[in-house]
$ cat upload.tsv   # TSV, C-alpha atoms and all ligand atoms
chain	number	residue	atom	x	y	z
S	1	LEU	CA	-9.77	-12.70	16.24
S	2	ASN	CA	-12.27	-10.11	17.45
S	3	ILE	CA	-14.74	-9.58	14.62
S	4	GLY	CA	-17.40	-6.89	14.42
S	5	VAL	CA	-20.35	-7.63	12.18
S	6	ILE	CA	-22.51	-4.77	10.92
S	7	GLY	CA	-25.93	-6.04	9.87
S	8	THR	CA	-27.82	-9.01	11.24
S	9	GLY	CA	-29.29	-10.27	7.97
S	10	ASN	CA	-28.49	-13.36	5.90
S	11	VAL	CA	-24.77	-12.67	5.49
S	12	GLY	CA	-24.06	-11.17	8.92
S	13	SER	CA	-25.63	-14.10	10.70
S	14	ALA	CA	-24.10	-16.75	8.40
S	15	LEU	CA	-20.50	-15.50	8.51
S	16	GLY	CA	-20.66	-14.28	12.11
S	17	GLY	CA	-22.14	-17.59	13.23
S	18	ALA	CA	-19.54	-19.60	11.33
S	19	TRP	CA	-16.64	-17.58	12.78
S	20	ALA	CA	-17.99	-17.84	16.33
S	21	LYS	CA	-18.28	-21.60	15.90
S	22	LYS	CA	-14.58	-21.67	15.02
S	23	GLY	CA	-13.57	-19.85	18.19
S	24	HIS	CA	-13.46	-16.24	16.99
S	25	LEU	CA	-15.19	-13.63	19.13
S	26	VAL	CA	-17.99	-11.95	17.23
S	27	PHE	CA	-19.98	-8.81	18.02
S	28	PHE	CA	-23.21	-8.38	16.05
S	29	GLY	CA	-24.01	-4.70	15.55
S	30	SER	CA	-27.51	-3.72	14.60
S	31	ARG	CA	-29.58	-0.56	14.20
S	32	ASN	CA	-31.71	-2.28	16.80
S	33	PRO	CA	-29.31	-3.43	19.55
S	34	GLU	CA	-31.84	-5.93	20.88
S	35	LYS	CA	-31.76	-7.68	17.51
S	36	GLY	CA	-27.96	-7.94	17.73
S	37	LYS	CA	-28.19	-9.34	21.25
S	38	LYS	CA	-30.84	-11.85	20.26
S	39	LEU	CA	-28.76	-13.10	17.34
S	40	ALA	CA	-25.70	-13.34	19.59
S	41	ALA	CA	-27.64	-15.36	22.16
S	42	SER	CA	-28.68	-17.81	19.45
S	43	VAL	CA	-25.07	-18.16	18.26
S	44	GLY	CA	-23.58	-18.93	21.66
S	45	SER	CA	-20.87	-17.95	24.09
S	46	ASN	CA	-18.42	-16.52	21.52
S	47	ALA	CA	-20.94	-13.91	20.41
S	48	ARG	CA	-22.17	-10.60	21.79
S	49	GLY	CA	-24.59	-8.10	20.32
S	50	GLY	CA	-25.49	-4.44	20.48
S	51	THR	CA	-25.10	-1.30	18.44
S	52	ILE	CA	-23.22	-0.74	15.17
S	53	VAL	CA	-20.61	1.48	16.81
S	54	GLU	CA	-19.99	-1.14	19.50
S	55	ALA	CA	-19.40	-3.72	16.79
S	56	SER	CA	-16.97	-1.50	14.92
S	57	ARG	CA	-15.02	-0.70	18.12
S	58	PHE	CA	-14.90	-4.37	19.07
S	59	GLY	CA	-13.65	-5.72	15.76
S	60	GLU	CA	-10.05	-5.90	14.62
S	61	ALA	CA	-11.83	-7.00	11.47
S	62	VAL	CA	-15.26	-5.55	10.70
S	63	LEU	CA	-17.69	-7.13	8.24
S	64	LEU	CA	-19.95	-4.70	6.45
S	65	ALA	CA	-23.01	-6.85	5.76
S	66	VAL	CA	-25.64	-4.37	4.67
S	67	ASN	CA	-27.34	-3.63	1.38
S	68	TYR	CA	-25.08	-1.41	-0.74
S	69	ASN	CA	-27.70	1.37	-0.69
S	70	PHE	CA	-27.23	1.70	3.07
S	71	VAL	CA	-23.45	1.47	3.35
S	72	SER	CA	-22.79	5.17	3.83
S	73	GLU	CA	-25.40	5.27	6.61
S	74	ALA	CA	-23.89	2.21	8.28
S	75	ILE	CA	-20.34	3.54	7.96
S	76	ARG	CA	-21.38	6.85	9.49
S	77	GLU	CA	-22.98	4.94	12.34
S	78	ALA	CA	-19.82	2.82	12.78
S	79	GLY	CA	-17.61	5.82	13.60
S	80	SER	CA	-13.86	5.56	13.16
S	81	LEU	CA	-12.65	2.43	11.39
S	82	GLU	CA	-9.05	3.58	11.33
S	83	GLY	CA	-6.56	0.71	11.28
S	84	LYS	CA	-9.30	-1.91	10.97
S	85	VAL	CA	-9.69	-4.56	8.34
S	86	LEU	CA	-13.02	-3.73	6.70
S	87	ILE	CA	-14.52	-6.71	4.88
S	88	ASP	CA	-16.80	-5.62	2.06
S	89	CYS	CA	-19.15	-8.35	0.85
S	90	THR	CA	-21.65	-6.04	-0.82
S	91	ASN	CA	-23.02	-6.20	-4.34
S	92	PRO	CA	-24.41	-2.93	-5.70
S	93	LEU	CA	-27.21	-4.69	-7.58
S	94	THR	CA	-29.88	-2.91	-9.56
S	95	ILE	CA	-33.36	-4.34	-9.78
S	96	ASP	CA	-32.54	-5.92	-13.17
S	97	ARG	CA	-29.25	-7.37	-11.88
S	98	GLY	CA	-26.91	-4.78	-13.26
S	99	LEU	CA	-24.37	-2.99	-11.07
S	100	SER	CA	-25.49	0.45	-9.90
S	101	VAL	CA	-21.91	1.75	-9.74
S	102	GLY	CA	-21.17	0.67	-13.33
S	103	TYR	CA	-18.02	-1.13	-14.44
S	104	SER	CA	-15.31	1.52	-14.22
S	105	THR	CA	-15.41	1.49	-10.41
S	106	SER	CA	-16.76	-0.92	-7.80
S	107	ALA	CA	-18.66	-0.88	-4.54
S	108	ALA	CA	-15.40	-1.76	-2.80
S	109	GLU	CA	-13.55	1.23	-4.23
S	110	GLU	CA	-16.46	3.53	-3.42
S	111	ILE	CA	-16.55	2.21	0.16
S	112	ALA	CA	-12.78	2.77	0.45
S	113	THR	CA	-13.35	6.48	-0.21
S	114	LEU	CA	-15.73	6.60	2.79
S	115	VAL	CA	-13.50	5.00	5.42
S	116	ASN	CA	-10.41	6.90	6.43
S	117	GLY	CA	-7.53	4.65	7.37
S	118	ALA	CA	-9.41	1.35	7.14
S	119	HIS	CA	-8.01	-1.47	5.01
S	120	VAL	CA	-10.85	-2.49	2.73
S	121	VAL	CA	-10.86	-6.08	1.53
S	122	LYS	CA	-13.46	-7.38	-0.89
S	123	ALA	CA	-14.49	-10.93	-0.07
S	124	PHE	CA	-17.48	-13.29	0.08
S	125	ASN	CA	-19.57	-11.20	-2.33
S	126	ALA	CA	-19.78	-14.04	-4.83
S	127	VAL	CA	-20.75	-16.63	-2.20
S	128	PHE	CA	-24.34	-17.29	-1.16
S	129	ALA	CA	-25.15	-16.89	2.54
S	130	ARG	CA	-26.26	-20.51	2.58
S	131	VAL	CA	-22.80	-21.56	1.41
S	132	MET	CA	-21.09	-19.29	3.96
S	133	ALA	CA	-22.79	-21.22	6.73
S	134	THR	CA	-21.99	-24.65	5.29
S	135	ALA	CA	-18.70	-24.26	3.37
S	136	GLU	CA	-17.03	-26.97	5.41
S	137	GLU	CA	-19.44	-29.53	4.01
S	138	TYR	CA	-18.27	-28.94	0.41
S	139	GLU	CA	-15.66	-31.20	-1.15
S	140	PRO	CA	-13.59	-29.72	-2.68
S	141	ALA	CA	-13.81	-26.48	-0.74
S	142	PRO	CA	-15.59	-23.53	-2.38
S	143	THR	CA	-13.35	-20.63	-3.41
S	144	ALA	CA	-13.43	-17.29	-1.63
S	145	PHE	CA	-12.09	-14.57	-3.93
S	146	VAL	CA	-10.25	-11.93	-1.90
S	147	CYS	CA	-8.86	-8.61	-3.15
S	148	GLY	CA	-7.47	-5.53	-1.48
S	149	ASP	CA	-4.58	-3.08	-1.41
S	150	ASP	CA	-3.18	-4.03	2.00
S	151	GLU	CA	-1.39	-7.38	2.01
S	152	ASP	CA	-1.69	-7.94	5.77
S	153	ALA	CA	-5.41	-7.19	5.72
S	154	LYS	CA	-5.87	-9.57	2.81
S	155	ARG	CA	-4.00	-12.27	4.75
S	156	VAL	CA	-6.31	-11.76	7.74
S	157	VAL	CA	-9.41	-12.16	5.57
S	158	SER	CA	-7.97	-15.15	3.70
S	159	ARG	CA	-7.34	-16.82	7.05
S	160	LEU	CA	-10.89	-16.07	8.17
S	161	ALA	CA	-12.18	-17.60	4.94
S	162	ALA	CA	-10.02	-20.72	5.36
S	163	ASP	CA	-11.13	-21.08	8.99
S	164	ILE	CA	-14.73	-21.66	7.93
S	165	GLY	CA	-14.04	-24.01	5.04
S	166	PHE	CA	-13.16	-21.88	2.01
S	167	GLU	CA	-10.15	-21.99	-0.24
S	168	PRO	CA	-9.09	-18.32	-0.37
S	169	VAL	CA	-7.74	-17.05	-3.68
S	170	ASP	CA	-5.80	-13.79	-3.74
S	171	CYS	CA	-7.30	-11.72	-6.55
S	172	GLY	CA	-4.87	-8.82	-6.31
S	173	ARG	CA	-5.64	-5.12	-5.84
S	174	LEU	CA	-8.92	-3.70	-4.55
S	175	LYS	CA	-9.54	-2.42	-8.07
S	176	ASN	CA	-10.15	-6.03	-9.10
S	177	ALA	CA	-13.44	-5.85	-7.21
S	178	ARG	CA	-14.59	-4.59	-10.62
S	179	PHE	CA	-14.39	-8.23	-11.70
S	180	LEU	CA	-15.59	-9.83	-8.45
S	181	GLU	CA	-18.83	-7.87	-8.38
S	182	PRO	CA	-19.89	-9.02	-11.88
S	183	ALA	CA	-18.94	-12.56	-10.79
S	184	ALA	CA	-21.63	-12.26	-8.14
S	185	VAL	CA	-24.12	-11.24	-10.82
S	186	LEU	CA	-23.21	-14.37	-12.78
S	187	ILE	CA	-23.69	-16.74	-9.87
S	188	ILE	CA	-26.97	-15.03	-8.91
S	189	GLN	CA	-28.19	-15.54	-12.49
S	190	LEU	CA	-27.17	-19.18	-12.38
S	191	ALA	CA	-28.86	-19.73	-9.04
S	192	TYR	CA	-32.13	-17.89	-9.56
S	193	SER	CA	-32.74	-17.27	-13.29
S	194	LEU	CA	-31.24	-20.50	-14.54
S	195	GLY	CA	-32.51	-22.70	-11.76
S	196	MET	CA	-29.30	-24.07	-10.26
S	197	GLY	CA	-30.22	-23.01	-6.72
S	198	ASN	CA	-28.34	-21.05	-4.08
S	199	ASP	CA	-26.20	-23.90	-2.82
S	200	ILE	CA	-23.83	-23.55	-5.80
S	201	ALA	CA	-20.35	-22.06	-5.40
S	202	PHE	CA	-17.33	-21.08	-7.45
S	203	ARG	CA	-14.18	-23.17	-7.30
S	204	ILE	CA	-10.84	-22.46	-8.97
S	205	LEU	CA	-9.21	-25.67	-10.14
S	206	ARG	CA	-5.58	-26.25	-10.97
S	207	GLY	CA	-4.29	-28.66	-13.58
S	208	GLN	CA	-2.42	-31.69	-12.31
S	209	VAL	CA	0.53	-31.20	-14.68
S	210	PRO	CA	2.91	-28.49	-13.40
S	211	CYS	CA	3.26	-25.61	-15.84
S	212	GLY	CA	6.84	-25.01	-17.01
S	213	GLY	CA	8.39	-21.58	-16.35
K	1	LIG	N1	-27.63	-12.96	0.75
K	1	LIG	C1	-26.58	-13.44	0.13
K	1	LIG	O1	-26.52	-14.64	-0.20
K	1	LIG	C2	-25.41	-12.54	-0.20
K	1	LIG	C3	-24.24	-13.13	-0.68
K	1	LIG	C4	-23.12	-12.32	-0.92
K	1	LIG	C5	-23.20	-10.96	-0.70
K	1	LIG	N2	-24.35	-10.40	-0.26
K	1	LIG	C6	-24.36	-8.96	0.00
K	1	LIG	O2	-24.24	-8.82	1.41
K	1	LIG	C7	-24.95	-7.67	1.87
K	1	LIG	C8	-25.96	-8.13	2.93
K	1	LIG	O3	-26.87	-9.04	2.32
K	1	LIG	P1	-27.95	-9.81	3.19
K	1	LIG	O4	-28.54	-10.84	2.32
K	1	LIG	O5	-27.38	-10.19	4.49
K	1	LIG	O6	-29.02	-8.66	3.39
K	1	LIG	P2	-30.19	-8.61	4.47
K	1	LIG	O7	-30.56	-10.00	4.89
K	1	LIG	O8	-31.21	-7.69	3.93
K	1	LIG	O9	-29.47	-7.93	5.73
K	1	LIG	C9	-28.89	-6.68	5.63
K	1	LIG	C10	-28.85	-6.06	7.02
K	1	LIG	O10	-28.38	-4.73	6.89
K	1	LIG	C11	-28.70	-4.04	8.08
K	1	LIG	N3	-28.94	-2.61	7.80
K	1	LIG	C12	-28.11	-1.61	8.20
K	1	LIG	N4	-28.57	-0.43	7.80
K	1	LIG	C13	-29.72	-0.67	7.16
K	1	LIG	C14	-30.70	0.18	6.56
K	1	LIG	N5	-30.56	1.51	6.52
K	1	LIG	N6	-31.77	-0.41	6.02
K	1	LIG	C15	-31.92	-1.75	6.03
K	1	LIG	N7	-31.02	-2.61	6.59
K	1	LIG	C16	-29.95	-2.06	7.15
K	1	LIG	C17	-29.92	-4.76	8.65
K	1	LIG	O11	-29.49	-5.26	9.90
K	1	LIG	P3	-30.05	-4.60	11.24
K	1	LIG	O12	-31.54	-4.60	11.09
K	1	LIG	O13	-29.54	-5.51	12.29
K	1	LIG	O14	-29.48	-3.22	11.32
K	1	LIG	C18	-30.18	-5.90	7.71
K	1	LIG	O15	-30.55	-7.08	8.37
K	1	LIG	C19	-25.61	-7.06	0.64
K	1	LIG	O16	-24.82	-5.99	0.22
K	1	LIG	C20	-25.61	-8.20	-0.39
K	1	LIG	O17	-25.51	-7.70	-1.69
K	1	LIG	C21	-25.46	-11.15	-0.01
$ encode --input "upload.tsv" --output "structure tokens"
Amino acid sequence: LNIGVIGTGNVGSALGGAWAKKGHLVFFGSRNPEKGKKLAASVGSNARGGTIVEASRFGEAVLLAVNYNFVSEAIREAGSLEGKVLIDCTNPLTIDRGLSVGYSTSAAEEIATLVNGAHVVKAFNAVFARVMATAEEYEPAPTAFVCGDDEDAKRVVSRLAADIGFEPVDCGRLKNARFLEPAAVLIIQLAYSLGMGNDIAFRILRGQVPCGG
């Protein structure tokens, strides 16, 4: 798949790098095109780099990997995202680890109001960048929670998650991002306040005994 990545920070480089390694073509878009090109050069032949609008034009799927405070700026810079799968991994964290958007909406739903015609899918927000880059090494595979209102778009993102070592779990409508964003707060607390470290990951387990109808 052609994937545009907006933002060359921890998440952009981890997911973009992992997808390129698996044979996807990745374009890293940065406010500083040289930074995007440099990251692409370090990733290898499946990667290119340049501006944010180049990344958004290139991608059939576009990963929005910027701090939530800068999403509207980045989306404006990206231009039209019509028909694209827009992967939202953001967490609208406050300084004291609350959610700046509150609990009766979500960053994902707010982003959906900013992008005409794009299919917003929430994914990877409750996964640490370190785990994104190394998911294949986990046994069993870490879970990637995925929610969105467009079934095809959700399938695309689930496939992209599986390609780099995650077990995707369909979490229903985009509105359910209201539960996925607090899940990120929980895992951040576990990692940093409670000392478990940022190599931990969520995993949904199933019982071995089949449930009767
Ligand atoms: N770090 C994690 O483990 C993790 C895990 C799950 C979700 N998330 C979420 O993923 C998103 C990205 O996190 P991150 O850790 O990758 O952040 P980061 O390392 O700070 O990178 C964010 C990138 O956003 C880009 N950007 C675009 N517009 C910007 C602006 N106006 N000001 C500053 N930067 C701007 C920058 O890339 P350019 O300089 O190339 O433009 C920057 O490198 C956040 O919403 C975060 O909540 C993070």
$ closest_atom_pairs --input "upload.tsv" --of "chain S" --to "ligand LIG 1 (chain K)" --cutoff "7 Å" --atoms "all atoms listed in the file" --output "tab-separated table"
residue	atom	partner	partner_atom	distance
S:Ile6	CA	K:LIG1	C11	6.8
S:Gly7	CA	K:LIG1	O11	3.6
S:Thr8	CA	K:LIG1	O13	4.0
S:Gly9	CA	K:LIG1	O9	3.2
S:Asn10	CA	K:LIG1	O5	3.6
S:Val11	CA	K:LIG1	O5	3.7
S:Gly12	CA	K:LIG1	O5	5.6
S:Gly29	CA	K:LIG1	O13	6.5
S:Ser30	CA	K:LIG1	O13	3.6
S:Arg31	CA	K:LIG1	O14	3.9
S:Asn32	CA	K:LIG1	O13	6.0
S:Lys35	CA	K:LIG1	O13	6.1
S:Gly36	CA	K:LIG1	O13	6.2
S:Ala65	CA	K:LIG1	C8	4.3
S:Val66	CA	K:LIG1	O10	3.5
S:Asn67	CA	K:LIG1	O16	3.6
S:Tyr68	CA	K:LIG1	O16	4.7
S:Phe70	CA	K:LIG1	N5	4.8
S:Glu73	CA	K:LIG1	N5	6.4
S:Ala74	CA	K:LIG1	N4	5.4
S:Cys89	CA	K:LIG1	C5	5.1
S:Thr90	CA	K:LIG1	O16	3.3
S:Asn91	CA	K:LIG1	O17	3.9
S:Pro92	CA	K:LIG1	O17	6.3
S:Leu93	CA	K:LIG1	O17	6.8
S:Phe124	CA	K:LIG1	C4	5.8
S:Asn125	CA	K:LIG1	C4	4.0
S:Ala126	CA	K:LIG1	C4	5.4
S:Val127	CA	K:LIG1	C4	5.1
S:Phe128	CA	K:LIG1	O1	3.6
S:Ala129	CA	K:LIG1	O1	3.8
S:Arg130	CA	K:LIG1	O1	6.5
$ residues_around --input "upload.tsv" --residues "Ala47 in chain S" --least-positions-apart "2" --cutoff "9 Å" --atoms "all atoms listed in the file" --output "number ranges by chain"
S: 16-17, 20, 24-28, 37, 39-45, 49
$ closest_residue --input "upload.tsv" --among "S:Glu82, S:Thr143, S:Val62, S:Gly4" --to "Gly50 in chain S" --atoms "all atoms listed in the file"
S:Gly4
$ closest_residue --input "upload.tsv" --among "S:Gly102, S:Pro210, S:Gly165, S:Pro142" --to "Ala177 in chain S" --atoms "only C-alpha atoms"
S:Gly102
$ closest_residue --input "upload.tsv" --among "S:Arg159, S:Cys147, S:Ile187, S:Ala78" --to "Arg57 in chain S" --atoms "only C-alpha atoms"
S:Ala78
